[in-house]
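Below: model-v5.tsv (TSV, C-alpha atoms)
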chain	number	residue	atom	x	y	z
A	207	MET	CA	0.00	0.00	0.00
A	208	ASP	CA	3.03	2.31	0.09
A	209	ASP	CA	2.67	2.97	-3.63
A	210	ALA	CA	-0.99	3.75	-3.20
A	211	ALA	CA	-0.17	6.16	-0.38
A	212	VAL	CA	2.29	8.00	-2.64
A	213	VAL	CA	-0.41	8.50	-5.27
A	214	ALA	CA	-2.95	9.60	-2.66
A	215	ARG	CA	-0.59	12.21	-1.24
A	216	GLU	CA	-0.17	13.72	-4.70
A	217	CYS	CA	-3.92	14.19	-5.18
A	218	HIS	CA	-4.55	17.66	-3.77
A	219	MET	CA	-7.73	18.47	-5.64
A	220	ARG	CA	-11.16	18.68	-4.12
A	221	GLY	CA	-14.56	17.15	-4.75
A	222	TYR	CA	-14.99	14.33	-7.25
A	223	ILE	CA	-11.34	14.59	-8.36
A	224	VAL	CA	-10.30	13.68	-4.81
A	225	VAL	CA	-12.63	10.70	-4.94
A	226	LEU	CA	-11.17	9.67	-8.27
A	227	CYS	CA	-7.61	9.97	-6.98
A	228	SER	CA	-8.54	7.94	-3.89
A	229	LEU	CA	-9.98	5.13	-5.97
A	230	ILE	CA	-6.79	5.00	-8.01
A	231	ALA	CA	-4.73	4.92	-4.83
A	232	VAL	CA	-6.80	2.12	-3.28
A	233	ARG	CA	-6.50	-0.01	-6.41
A	234	GLY	CA	-2.71	0.41	-6.33
A	235	VAL	CA	-0.53	1.44	-9.22
A	236	SER	CA	1.82	-1.50	-8.96
A	237	ALA	CA	-0.92	-3.99	-9.63
A	238	GLU	CA	-2.34	-2.20	-12.64
A	239	SER	CA	-1.89	-3.04	-16.30
A	240	ILE	CA	-0.92	-0.44	-18.85
A	241	GLY	CA	-4.57	-0.25	-19.92
A	242	SER	CA	-5.72	0.49	-16.38
A	243	VAL	CA	-3.08	3.19	-15.93
A	244	GLN	CA	-4.12	4.79	-19.21
A	245	ASP	CA	-7.78	4.71	-18.16
A	246	ASP	CA	-7.00	6.27	-14.79
A	247	ALA	CA	-4.81	8.99	-16.27
A	248	ARG	CA	-7.34	9.83	-18.97
A	249	SER	CA	-10.10	10.11	-16.36
A	250	LEU	CA	-7.95	12.62	-14.50
A	251	ILE	CA	-7.26	14.51	-17.74
A	252	GLU	CA	-10.99	14.74	-18.48
A	253	ALA	CA	-11.47	16.11	-14.98
A	254	GLY	CA	-8.79	18.74	-15.59
A	255	ALA	CA	-6.28	17.19	-13.19
A	256	LEU	CA	-3.31	17.22	-15.56
A	257	ARG	CA	-0.62	17.26	-12.88
A	258	GLU	CA	-2.18	14.25	-11.18
A	259	ALA	CA	-2.37	12.42	-14.51
A	260	ILE	CA	1.36	13.05	-15.03
A	261	ASP	CA	1.98	11.55	-11.57
A	262	VAL	CA	0.06	8.41	-12.50
A	263	TYR	CA	2.16	7.99	-15.64
A	264	SER	CA	5.36	8.65	-13.69
A	265	GLU	CA	4.53	6.05	-11.05
A	266	TYR	CA	4.08	3.40	-13.70
A	267	LEU	CA	7.31	4.35	-15.50
A	268	GLN	CA	9.22	3.85	-12.25
A	269	ARG	CA	8.22	0.19	-12.51
A	270	ASP	CA	8.41	-0.26	-16.29
A	271	ASP	CA	10.92	2.15	-17.74
A	272	ASP	CA	10.37	0.88	-21.29
A	273	ALA	CA	6.59	1.45	-21.36
A	274	THR	CA	6.75	3.42	-24.62
A	275	ASP	CA	3.04	4.22	-24.94
A	276	ILE	CA	2.93	5.53	-21.37
A	277	ARG	CA	6.01	7.69	-21.97
A	278	ILE	CA	4.45	9.19	-25.12
A	279	GLU	CA	1.20	9.95	-23.28
A	280	ARG	CA	3.10	11.56	-20.42
A	281	ALA	CA	5.03	13.70	-22.92
A	282	ARG	CA	1.74	14.85	-24.44
A	283	VAL	CA	0.35	15.97	-21.08
A	284	LEU	CA	3.68	17.56	-20.12
A	285	GLY	CA	3.36	19.65	-23.27
A	286	TRP	CA	-0.17	20.74	-22.29
A	287	THR	CA	1.24	21.97	-18.98
A	288	GLU	CA	4.09	23.79	-20.83
A	289	ARG	CA	6.76	21.52	-19.36
A	290	HIS	CA	8.24	21.24	-22.84
A	291	GLY	CA	11.78	20.37	-21.82
A	292	GLU	CA	10.60	17.28	-19.93
A	293	ALA	CA	8.33	16.35	-22.82
A	294	LEU	CA	11.26	16.53	-25.24
A	295	ASP	CA	13.34	14.29	-22.96
A	296	ASP	CA	10.61	11.64	-23.03
A	297	LEU	CA	10.10	11.84	-26.78
A	298	GLU	CA	13.78	11.84	-27.69
A	299	ARG	CA	14.25	8.73	-25.56
A	300	VAL	CA	11.38	7.00	-27.37
A	301	ILE	CA	12.74	7.99	-30.80
A	302	GLU	CA	16.22	6.81	-29.88
A	303	ASN	CA	15.00	3.41	-28.70
A	304	HIS	CA	12.13	3.03	-31.19
A	305	PRO	CA	12.80	5.18	-34.28
A	306	GLU	CA	9.84	3.56	-36.04
A	307	TYR	CA	7.34	5.27	-33.68
A	308	VAL	CA	5.76	7.87	-35.99
A	309	GLU	CA	3.46	9.10	-33.20
A	310	ALA	CA	6.49	10.10	-31.13
A	311	ARG	CA	8.02	11.98	-34.07
A	312	VAL	CA	4.81	13.91	-34.71
A	313	LEU	CA	4.51	14.92	-31.07
A	314	HIS	CA	8.22	15.76	-30.99
A	315	GLY	CA	7.71	18.06	-33.97
A	316	ARG	CA	4.78	19.85	-32.35
A	317	THR	CA	6.71	20.28	-29.08
A	318	LEU	CA	9.65	21.79	-30.96
A	319	GLY	CA	7.17	24.12	-32.63
A	320	TRP	CA	5.86	25.27	-29.27
A	321	LEU	CA	9.46	26.18	-28.45
A	322	ARG	CA	9.75	28.04	-31.79
A	323	ARG	CA	12.42	25.65	-33.02
A	324	TYR	CA	10.65	25.60	-36.36
A	325	ARG	CA	13.34	24.15	-38.62
A	326	GLU	CA	13.89	21.18	-36.34
A	327	ALA	CA	10.14	20.71	-36.02
A	328	GLU	CA	9.61	20.77	-39.78
A	329	ALA	CA	12.45	18.30	-40.37
A	330	GLN	CA	11.05	15.86	-37.81
A	331	LEU	CA	7.54	16.07	-39.26
A	332	ARG	CA	8.74	15.50	-42.81
A	333	ILE	CA	10.52	12.37	-41.61
A	334	ALA	CA	7.25	11.22	-40.03
A	335	ILE	CA	5.34	11.85	-43.27
A	336	ALA	CA	7.97	10.01	-45.29
A	337	MET	CA	7.64	7.04	-42.92
A	338	GLU	CA	3.82	7.11	-42.93
A	339	PRO	CA	2.46	9.23	-45.82
A	340	VAL	CA	-1.20	8.74	-44.80
A	341	ASN	CA	-0.71	9.99	-41.22
A	342	VAL	CA	-3.27	12.78	-40.94
A	343	ASP	CA	-1.91	14.13	-37.64
A	344	ALA	CA	1.56	14.52	-39.16
A	345	HIS	CA	0.18	16.60	-42.05
A	346	LEU	CA	-1.99	18.73	-39.77
A	347	THR	CA	0.90	19.36	-37.39
A	348	LEU	CA	3.25	20.28	-40.25
A	349	GLY	CA	0.61	22.71	-41.53
A	350	ASP	CA	0.38	24.27	-38.07
A	351	ILE	CA	4.17	24.68	-37.88
A	352	LEU	CA	4.24	26.35	-41.29
A	353	LEU	CA	1.39	28.66	-40.30
A	354	TRP	CA	3.12	29.66	-37.04
A	355	GLN	CA	6.02	30.86	-39.21
A	356	GLY	CA	3.68	33.01	-41.29
A	357	ARG	CA	3.91	30.70	-44.32
A	358	ALA	CA	0.16	30.67	-44.98
A	359	ASP	CA	0.31	29.38	-48.56
A	360	ALA	CA	2.54	26.44	-47.64
A	361	ALA	CA	0.30	25.68	-44.65
A	362	ARG	CA	-2.80	25.76	-46.86
A	363	ALA	CA	-1.25	23.36	-49.36
A	364	THR	CA	-0.28	21.00	-46.54
A	365	TYR	CA	-3.76	21.10	-45.01
A	366	GLU	CA	-5.33	20.37	-48.39
A	367	GLU	CA	-3.21	17.21	-48.69
A	368	VAL	CA	-5.25	15.84	-45.77
A	369	TRP	CA	-8.35	15.79	-47.99
A	370	GLU	CA	-6.58	13.34	-50.29
A	371	ILE	CA	-6.11	11.04	-47.29
A	372	ASP	CA	-9.44	11.66	-45.54
A	373	PRO	CA	-12.01	13.68	-47.54
A	374	THR	CA	-14.33	13.88	-44.50
A	375	ASN	CA	-11.75	15.24	-42.04
A	376	ALA	CA	-13.36	18.04	-40.01
A	377	GLU	CA	-10.18	19.45	-38.46
A	378	VAL	CA	-8.65	20.41	-41.79
A	379	GLY	CA	-11.91	22.10	-42.77
A	380	LEU	CA	-11.79	24.26	-39.65
A	381	ARG	CA	-8.16	25.21	-40.27
A	382	LEU	CA	-8.84	26.19	-43.88
A	383	GLU	CA	-11.91	28.20	-42.88
A	384	ARG	CA	-9.81	30.05	-40.32
A	385	LEU	CA	-7.18	30.79	-42.97
A	386	ALA	CA	-9.84	32.07	-45.36
A	387	GLY	CA	-11.27	34.28	-42.61
A	388	ASP	CA	-7.85	35.71	-41.86
A	389	ARG	CA	-7.54	36.70	-45.51
A	390	ARG	CA	-11.06	37.95	-46.15
A	391	HIS	CA	-9.66	40.98	-48.01
A	392	GLY	CA	-6.95	39.08	-49.85
A	393	ARG	CA	-3.30	39.99	-50.21
A	394	VAL	CA	-1.36	42.15	-52.64
A	395	ARG	CA	2.22	41.39	-53.57
A	396	ALA	CA	4.55	43.81	-55.36
A	397	ASP	CA	7.62	42.53	-57.25
A	398	VAL	CA	10.42	44.63	-58.73
A	399	SER	CA	13.60	43.44	-60.43
A	400	LEU	CA	16.57	44.77	-62.39
A	401	GLY	CA	18.53	42.59	-64.78
A	402	SER	CA	21.63	43.07	-66.90
A	403	SER	CA	23.43	40.73	-69.30
A	404	GLN	CA	26.80	41.03	-70.99
A	405	LEU	CA	27.31	39.43	-74.41
A	406	ASN	CA	30.63	38.80	-76.15
A	407	SER	CA	31.46	38.59	-79.88
A	408	GLY	CA	30.55	42.25	-80.36
A	409	PHE	CA	26.83	41.91	-79.53
A	410	ASP	CA	24.91	44.60	-77.66
A	411	ASN	CA	24.34	44.02	-73.93
A	412	TRP	CA	20.84	43.43	-72.54
A	413	ARG	CA	18.93	45.18	-69.78
A	414	GLN	CA	15.54	44.49	-68.24
A	415	GLN	CA	13.35	46.17	-65.59
A	416	THR	CA	10.21	44.53	-64.21
A	417	LEU	CA	7.35	45.76	-62.05
A	418	ALA	CA	4.54	43.35	-61.18
A	419	LEU	CA	1.52	43.35	-58.89
A	420	SER	CA	-0.58	40.34	-57.91
A	421	TRP	CA	-3.69	39.99	-55.79
A	422	GLN	CA	-4.54	36.71	-54.09
A	423	GLY	CA	-8.14	36.72	-52.96
A	424	PRO	CA	-9.69	34.98	-49.96
A	425	ASP	CA	-11.07	32.30	-52.27
A	426	ARG	CA	-9.09	30.29	-54.83
A	427	TRP	CA	-8.58	33.05	-57.40
A	428	SER	CA	-5.51	35.19	-58.00
A	429	PHE	CA	-4.95	37.98	-60.51
A	430	PHE	CA	-1.70	39.55	-61.64
A	431	GLY	CA	-0.36	42.20	-63.96
A	432	GLY	CA	2.99	43.72	-64.77
A	433	LEU	CA	5.24	45.79	-66.97
A	434	ASP	CA	8.59	44.70	-68.45
A	435	ARG	CA	10.99	47.02	-70.19
A	436	TYR	CA	13.75	45.44	-72.28
A	437	HIS	CA	16.82	46.73	-74.09
A	438	ARG	CA	18.04	44.22	-76.68
A	439	SER	CA	19.83	44.53	-80.02
A	440	ASN	CA	19.90	48.32	-79.62
A	441	GLN	CA	16.12	48.34	-79.37
A	442	ASN	CA	13.89	49.31	-76.43
A	443	ASP	CA	10.76	47.18	-76.16
A	444	VAL	CA	7.96	47.14	-73.59
A	445	GLN	CA	5.55	44.33	-72.66
A	446	TRP	CA	2.40	44.53	-70.58
A	447	THR	CA	1.20	41.30	-68.97
A	448	THR	CA	-2.03	40.35	-67.22
A	449	GLY	CA	-3.35	36.99	-66.11
A	450	LEU	CA	-5.18	34.89	-63.56
A	451	VAL	CA	-4.69	31.72	-61.51
A	452	HIS	CA	-7.40	29.42	-60.16
A	453	ARG	CA	-6.81	26.61	-57.68
A	454	LEU	CA	-9.38	23.82	-57.75
A	455	ARG	CA	-10.57	21.94	-54.67
A	456	ASP	CA	-8.53	18.84	-55.62
A	457	GLY	CA	-5.33	20.90	-55.68
A	458	THR	CA	-5.11	21.31	-59.45
A	459	THR	CA	-3.97	24.81	-60.46
A	460	LEU	CA	-4.94	26.47	-63.75
A	461	ASP	CA	-3.36	29.67	-65.05
A	462	ALA	CA	-3.59	31.84	-68.14
A	463	SER	CA	-1.98	35.13	-69.18
A	464	ILE	CA	-1.42	37.43	-72.13
A	465	SER	CA	1.47	39.82	-72.86
A	466	LEU	CA	1.19	42.67	-75.35
A	467	GLY	CA	3.79	44.92	-76.99
A	468	ASN	CA	2.46	46.08	-80.33
A	469	ASN	CA	5.38	48.39	-81.16
A	470	ASN	CA	8.10	45.90	-80.28
A	471	GLN	CA	11.02	45.49	-82.66
A	472	VAL	CA	12.64	42.41	-81.09
A	473	LEU	CA	10.24	40.95	-78.50
A	474	PRO	CA	6.89	39.36	-79.45
A	475	HIS	CA	3.88	41.52	-80.17
A	476	GLN	CA	1.67	39.06	-78.33
A	477	VAL	CA	2.33	36.11	-76.03
A	478	TYR	CA	-0.43	33.75	-74.86
A	479	ARG	CA	0.31	31.37	-71.99
A	480	PHE	CA	-1.68	28.51	-70.45
A	481	GLY	CA	-0.65	26.15	-67.67
A	482	VAL	CA	-1.92	23.23	-65.60
A	483	VAL	CA	-0.30	22.01	-62.37
A	484	GLN	CA	-1.51	18.68	-60.97
A	485	LYS	CA	-0.30	16.50	-58.10
A	486	LEU	CA	0.23	13.07	-59.67
A	487	HIS	CA	1.41	11.37	-56.49
A	488	ARG	CA	2.23	12.40	-52.96
A	489	ASN	CA	5.86	12.95	-54.01
A	490	LEU	CA	5.32	13.92	-57.63
A	491	LEU	CA	3.97	17.15	-59.14
A	492	GLY	CA	3.25	17.47	-62.84
A	493	THR	CA	3.13	20.70	-64.86
A	494	VAL	CA	2.25	21.31	-68.51
A	495	ARG	CA	2.67	24.77	-70.04
A	496	TYR	CA	1.88	26.02	-73.52
A	497	LYS	CA	2.99	29.35	-75.00
A	498	ARG	CA	2.28	30.94	-78.36
A	499	SER	CA	4.36	33.98	-79.36
A	500	ASN	CA	3.77	36.28	-82.36
A	501	TYR	CA	7.08	37.95	-83.32
A	502	PRO	CA	7.77	40.95	-85.53
A	503	GLY	CA	7.97	39.91	-89.19
A	504	GLY	CA	5.11	37.43	-88.90
A	505	THR	CA	6.93	34.53	-87.26
A	506	ASP	CA	4.79	32.44	-84.86
A	507	VAL	CA	6.46	30.24	-82.24
A	508	ASP	CA	4.64	27.52	-80.26
A	509	THR	CA	6.24	26.07	-77.15
A	510	LEU	CA	5.09	23.06	-75.10
A	511	SER	CA	6.84	22.34	-71.78
A	512	PRO	CA	5.95	19.35	-69.55
A	513	THR	CA	7.76	19.25	-66.17
A	514	LEU	CA	7.89	16.81	-63.26
A	515	GLN	CA	8.86	17.85	-59.74
A	516	LEU	CA	9.99	15.19	-57.27
A	517	TRP	CA	9.34	15.68	-53.54
A	518	PRO	CA	7.37	18.95	-53.91
A	519	GLY	CA	6.98	20.95	-50.71
A	520	SER	CA	10.03	19.39	-49.05
A	521	PRO	CA	13.22	21.37	-48.30
A	522	TYR	CA	14.94	19.66	-51.24
A	523	SER	CA	13.22	18.87	-54.52
A	524	LEU	CA	14.17	18.18	-58.13
A	525	GLU	CA	12.49	19.41	-61.31
A	526	VAL	CA	13.09	17.77	-64.69
A	527	GLY	CA	11.50	19.01	-67.87
A	528	TYR	CA	11.36	18.91	-71.65
A	529	THR	CA	10.63	21.78	-74.03
A	530	TYR	CA	9.41	21.36	-77.61
A	531	THR	CA	9.43	24.45	-79.84
A	532	HIS	CA	8.04	24.91	-83.34
A	533	ALA	CA	8.70	28.09	-85.33
A	534	SER	CA	6.55	28.82	-88.37
A	535	ASP	CA	9.55	29.73	-90.55
A	536	SER	CA	12.22	27.27	-89.43
A	537	GLY	CA	10.73	24.09	-88.03
A	538	SER	CA	11.10	22.38	-84.65
A	539	THR	CA	13.74	22.13	-81.94
A	540	ASP	CA	13.78	20.82	-78.38
A	541	ALA	CA	15.63	21.03	-75.06
A	542	GLY	CA	15.88	19.34	-71.69
A	543	GLN	CA	16.35	20.99	-68.32
A	544	ALA	CA	16.76	20.16	-64.65
A	545	ARG	CA	16.55	22.30	-61.52
A	546	LEU	CA	17.50	21.46	-57.94
A	547	LEU	CA	15.59	23.44	-55.30
A	548	LEU	CA	17.50	23.76	-52.02
A	549	PHE	CA	16.26	24.71	-48.52
A	550	SER	CA	12.77	25.58	-49.78
A	551	GLY	CA	10.77	27.40	-47.13
A	552	HIS	CA	13.86	28.35	-45.11
A	553	LYS	CA	15.10	31.86	-44.47
A	554	VAL	CA	17.73	31.33	-47.15
A	555	SER	CA	16.88	29.13	-50.13
A	556	GLY	CA	18.43	28.50	-53.53
A	557	VAL	CA	18.08	26.97	-56.98
A	558	LEU	CA	20.66	25.33	-59.26
A	559	GLY	CA	19.83	24.44	-62.85
A	560	LEU	CA	21.06	23.29	-66.23
A	561	ALA	CA	19.39	23.29	-69.66
A	562	VAL	CA	20.71	21.82	-72.93
A	563	GLY	CA	19.01	21.98	-76.31
A	564	ARG	CA	18.94	23.10	-79.93
A	565	GLU	CA	17.57	26.32	-81.35
A	566	LYS	CA	16.78	27.42	-84.89
A	567	PHE	CA	14.71	30.57	-84.59
A	568	ILE	CA	16.42	32.97	-82.21
A	569	ALA	CA	13.78	35.64	-81.79
A	570	GLY	CA	14.22	38.53	-79.42
A	571	VAL	CA	17.88	37.74	-78.91
A	572	THR	CA	20.44	39.25	-81.26
A	573	ASN	CA	19.85	37.65	-84.62
A	574	THR	CA	17.71	35.16	-86.50
A	575	THR	CA	19.02	31.93	-87.96
A	576	THR	CA	17.60	28.83	-89.60
A	577	ALA	CA	20.63	26.68	-88.82
A	578	ALA	CA	20.17	24.73	-85.59
A	579	ILE	CA	22.76	25.58	-82.95
A	580	ARG	CA	23.38	23.97	-79.59
A	581	VAL	CA	22.60	26.07	-76.53
A	582	THR	CA	23.72	25.26	-72.97
A	583	THR	CA	22.43	27.33	-70.06
A	584	SER	CA	23.43	27.04	-66.42
A	585	PHE	CA	21.77	29.13	-63.73
A	586	ALA	CA	21.68	29.67	-59.99
A	587	SER	CA	19.72	31.86	-57.60
A	588	ILE	CA	19.59	32.57	-53.89
A	589	GLN	CA	16.70	34.08	-51.97
A	590	TRP	CA	16.89	35.65	-48.54
A	591	SER	CA	13.59	36.09	-46.69
A	592	LEU	CA	13.74	39.30	-44.67
A	593	HIS	CA	10.55	38.24	-42.82
A	594	ASP	CA	7.29	36.50	-43.74
A	595	ARG	CA	6.25	39.36	-46.07
A	596	SER	CA	9.34	40.14	-48.13
A	597	ALA	CA	12.47	38.68	-49.67
A	598	ILE	CA	15.47	39.59	-51.83
A	599	ARG	CA	16.54	37.34	-54.69
A	600	LEU	CA	19.81	37.32	-56.67
A	601	SER	CA	20.08	35.22	-59.84
A	602	TYR	CA	22.91	34.41	-62.23
A	603	GLU	CA	22.67	32.81	-65.69
A	604	LEU	CA	25.39	31.71	-68.12
A	605	GLU	CA	24.22	30.96	-71.64
A	606	HIS	CA	26.64	29.45	-74.16
A	607	ARG	CA	25.57	29.42	-77.80
A	608	HIS	CA	28.03	27.17	-79.59
A	609	SER	CA	29.75	28.87	-82.53
A	610	SER	CA	27.94	32.10	-81.69
A	611	TYR	CA	28.26	34.02	-78.39
A	612	ASP	CA	28.14	33.73	-74.58
A	613	ARG	CA	25.83	35.65	-72.28
A	614	ASN	CA	26.40	36.35	-68.57
A	615	GLY	CA	23.32	37.70	-66.81
A	616	MET	CA	22.58	38.94	-63.28
A	617	THR	CA	19.16	39.83	-61.86
A	618	LEU	CA	18.33	41.42	-58.51
A	619	GLY	CA	14.72	41.20	-57.31
A	620	TYR	CA	12.64	42.15	-54.30
A	621	TYR	CA	9.04	41.51	-53.27
A	622	TYR	CA	6.77	42.73	-50.51
A	623	THR	CA	3.34	41.43	-49.50
A	624	PHE	CA	0.58	43.70	-48.20
A	625	GLY	CA	-2.53	42.61	-46.33
A	626	GLU	CA	-3.38	39.58	-44.23
Rewrite the coordinates I just gave you, this time as structure tokens.
Amino acid sequence: MDDAAVVARECHMRGYIVVLCSLIAVRGVSAESIGSVQDDARSLIEAGALREAIDVYSEYLQRDDDATDIRIERARVLGWTERHGEALDDLERVIENHPEYVEARVLHGRTLGWLRRYREAEAQLRIAIAMEPVNVDAHLTLGDILLWQGRADAARATYEEVWEIDPTNAEVGLRLERLAGDRRHGRVRADVSLGSSQLNSGFDNWRQQTLALSWQGPDRWSFFGGLDRYHRSNQNDVQWTTGLVHRLRDGTTLDASISLGNNNQVLPHQVYRFGVVQKLHRNLLGTVRYKRSNYPGGTDVDTLSPTLQLWPGSPYSLEVGYTYTHASDSGSTDAGQARLLLFSGHKVSGVLGLAVGREKFIAGVTNTTTAAIRVTTSFASIQWSLHDRSAIRLSYELEHRHSSYDRNGMTLGYYYTFGE
């Protein structure tokens, strides 16, 4: 009865909670099964006696130190009482001894989030999702962590993945409704960039300035518009662009835009763009884009670009794509490209890429040719998020046109988001 007396002494609450604690004490912790301990602790939790529930778990762990389920439950209640350090100790011990316990990883991620250790939390949750892709709690918790960082779009996309697992899930519906309410007036984002390219072989250098505005409404519609000013081949051209994006309930994204520059000498007079983005698998995103460009002199160019992205939404992902181009005056060419996205969603992120292909019609560049030449382009960019509303991006591109010229280009960009 000594063990029972220890439990009874720890029960300092009044009324029916005292009665409940007394019954637990009389029954005796040492004689109880794990199921009985869980029932007793949960009864105390329902009664609001969290500290007493922790004591019940602790008493059992003194007798069975490897009771993993009890240790996880104790860590959960420790978190509710803001004893996060103790909760982490329990969870890290479980993960060390039983790395296959996804439940412990999910709770570990949430506890790290409560401590604002967001990167560690996100990494732990992505491991949990990789181990058990249909774990709803892991997706919901990852969405919460992203939202706590102010990354509302990434959180929304993560929440919507839950519908693919459980279309009737009520919790994700509440989270998405809350997000929509927070953005009832939508958000406006302003982008500005300055670019400059140096060409060898006696060709004129390029310059480009861009100003763009986009509005993302509280529903699934977004609208954007912008102005680009180019200096190429000793000509100054201007293009105006406007378009829209619509995200369907199943996660499919549709977009369309048009660019106009009727007095252009080098760039197209009109450009029509259409795109579809569809999640093909949990770790595979497919994109198909079509573009039709009407150049000065009556040349029409059609471009079709399918792309696959592996591990979308994770800190590291890979894009591979193919581009088919047909020019009305010179026939067809193609190219392949790959991009590696690094540290996506982090304060500092980057992209590395390579594209190799053939080109016949070189419109808007420096000259026009009907002889196919090989073009190799390597590019890299780094983005630094100043906070959740703005970022600076620096990009570099090296384009080598075999038997023609090389181009070195740098672009500096900045964006700021207004509204909720």
- prompt: Interatomic distance between CA of Arg455 (chain A) and CA of Arg498 (chain A)?
  reply: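 Value for the CA of Arg455 (chain A)-CA of Arg498 (chain A) distance: 28.4 Å.
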message: Show me the residues around (6.2, 25.4, -83.0) - criterion: an atom at most 12 Å away, all atoms listed in the file counted - as number ranges by chain.
response: A: 496-500, 505-511, 529-540, 565-567
- prompt: Pick from A:Ser465, A:Ser420, A:Ser249, A:Ser587: nearest to Leu548 (chain A), with only C-alpha atoms counted?
  reply: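 Using only C-alpha atoms, the shortest distance to Leu548 (chain A) belongs to A:Ser587.
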task: Using all atoms listed in the file, determine which residues lie at most 12 Å from region 593-602 of chain A, disregarding the query and same-chain residues fewer than 3 positions distant; provide the list as an MDAnalysis selection string.
output: chainID A and resid 352:360 393:404 551:560 583:590 605 613:626
task: Please measure the separation of CA of Gln543 (chain A) and CA of Val562 (chain A), giving the value in Å to one decimal.
output: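 Going from CA of Gln543 (chain A) over to CA of Val562 (chain A) covers 6.4 Å.
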Proximity to Ile335 (chain A) - best of A:Gln422, A:Gln445, A:Asn489, A:Thr416, only C-alpha atoms: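 Residue with the minimum atom-to-atom distance to Ile335 (chain A): A:Asn489.
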message: Residues within 8 Å of Gln476 (chain A), please, as a list in words. Count only C-alpha atoms; anything in the same chain fewer than 2 positions from it doesn't count.
response: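 So the residues in contact are Ile464, Ser465, Leu466, Gly467, Asn468, Pro474, Tyr478, Ser499, Asn500 and Tyr501 of chain A.
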message: Can you measure CA of Ala541 (chain A) to CA of Leu417 (chain A) for me? One decimal in Å is fine.
response: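 Separation between CA of Ala541 (chain A) and CA of Leu417 (chain A): 29.1 Å.
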statement: Shortest contact to Tyr522 (chain A), candidates A:Trp427, A:Arg332, A:Glu298, A:Arg435, atoms counted all atoms listed in the file, goes to A:Arg332
- prompt: Quick one: of A:Leu256, A:Val262, A:Ala336, A:Val477, who's nearest to Leu284 (chain A), counting all atoms listed in the file?
  reply: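 Of all the options, A:Leu256 lies closest to Leu284 (chain A).
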Residues near Phe430 (chain A), cut-off 6 Å, all atoms listed in the file, skip fewer than 2 positions along chain, as a short mmCIF file (atom, residue, chain, number, x, y, z; two decimals) with C-alpha atoms, in the frame of the given file:
data_model
loop_
_atom_site.label_atom_id
_atom_site.label_comp_id
_atom_site.auth_asym_id
_atom_site.auth_seq_id
_atom_site.Cartn_x
_atom_site.Cartn_y
_atom_site.Cartn_z
CA LEU A 419 1.52 43.35 -58.89
CA SER A 420 -0.58 40.34 -57.91
CA THR A 448 -2.03 40.35 -67.22
CA GLY A 449 -3.35 36.99 -66.11
#
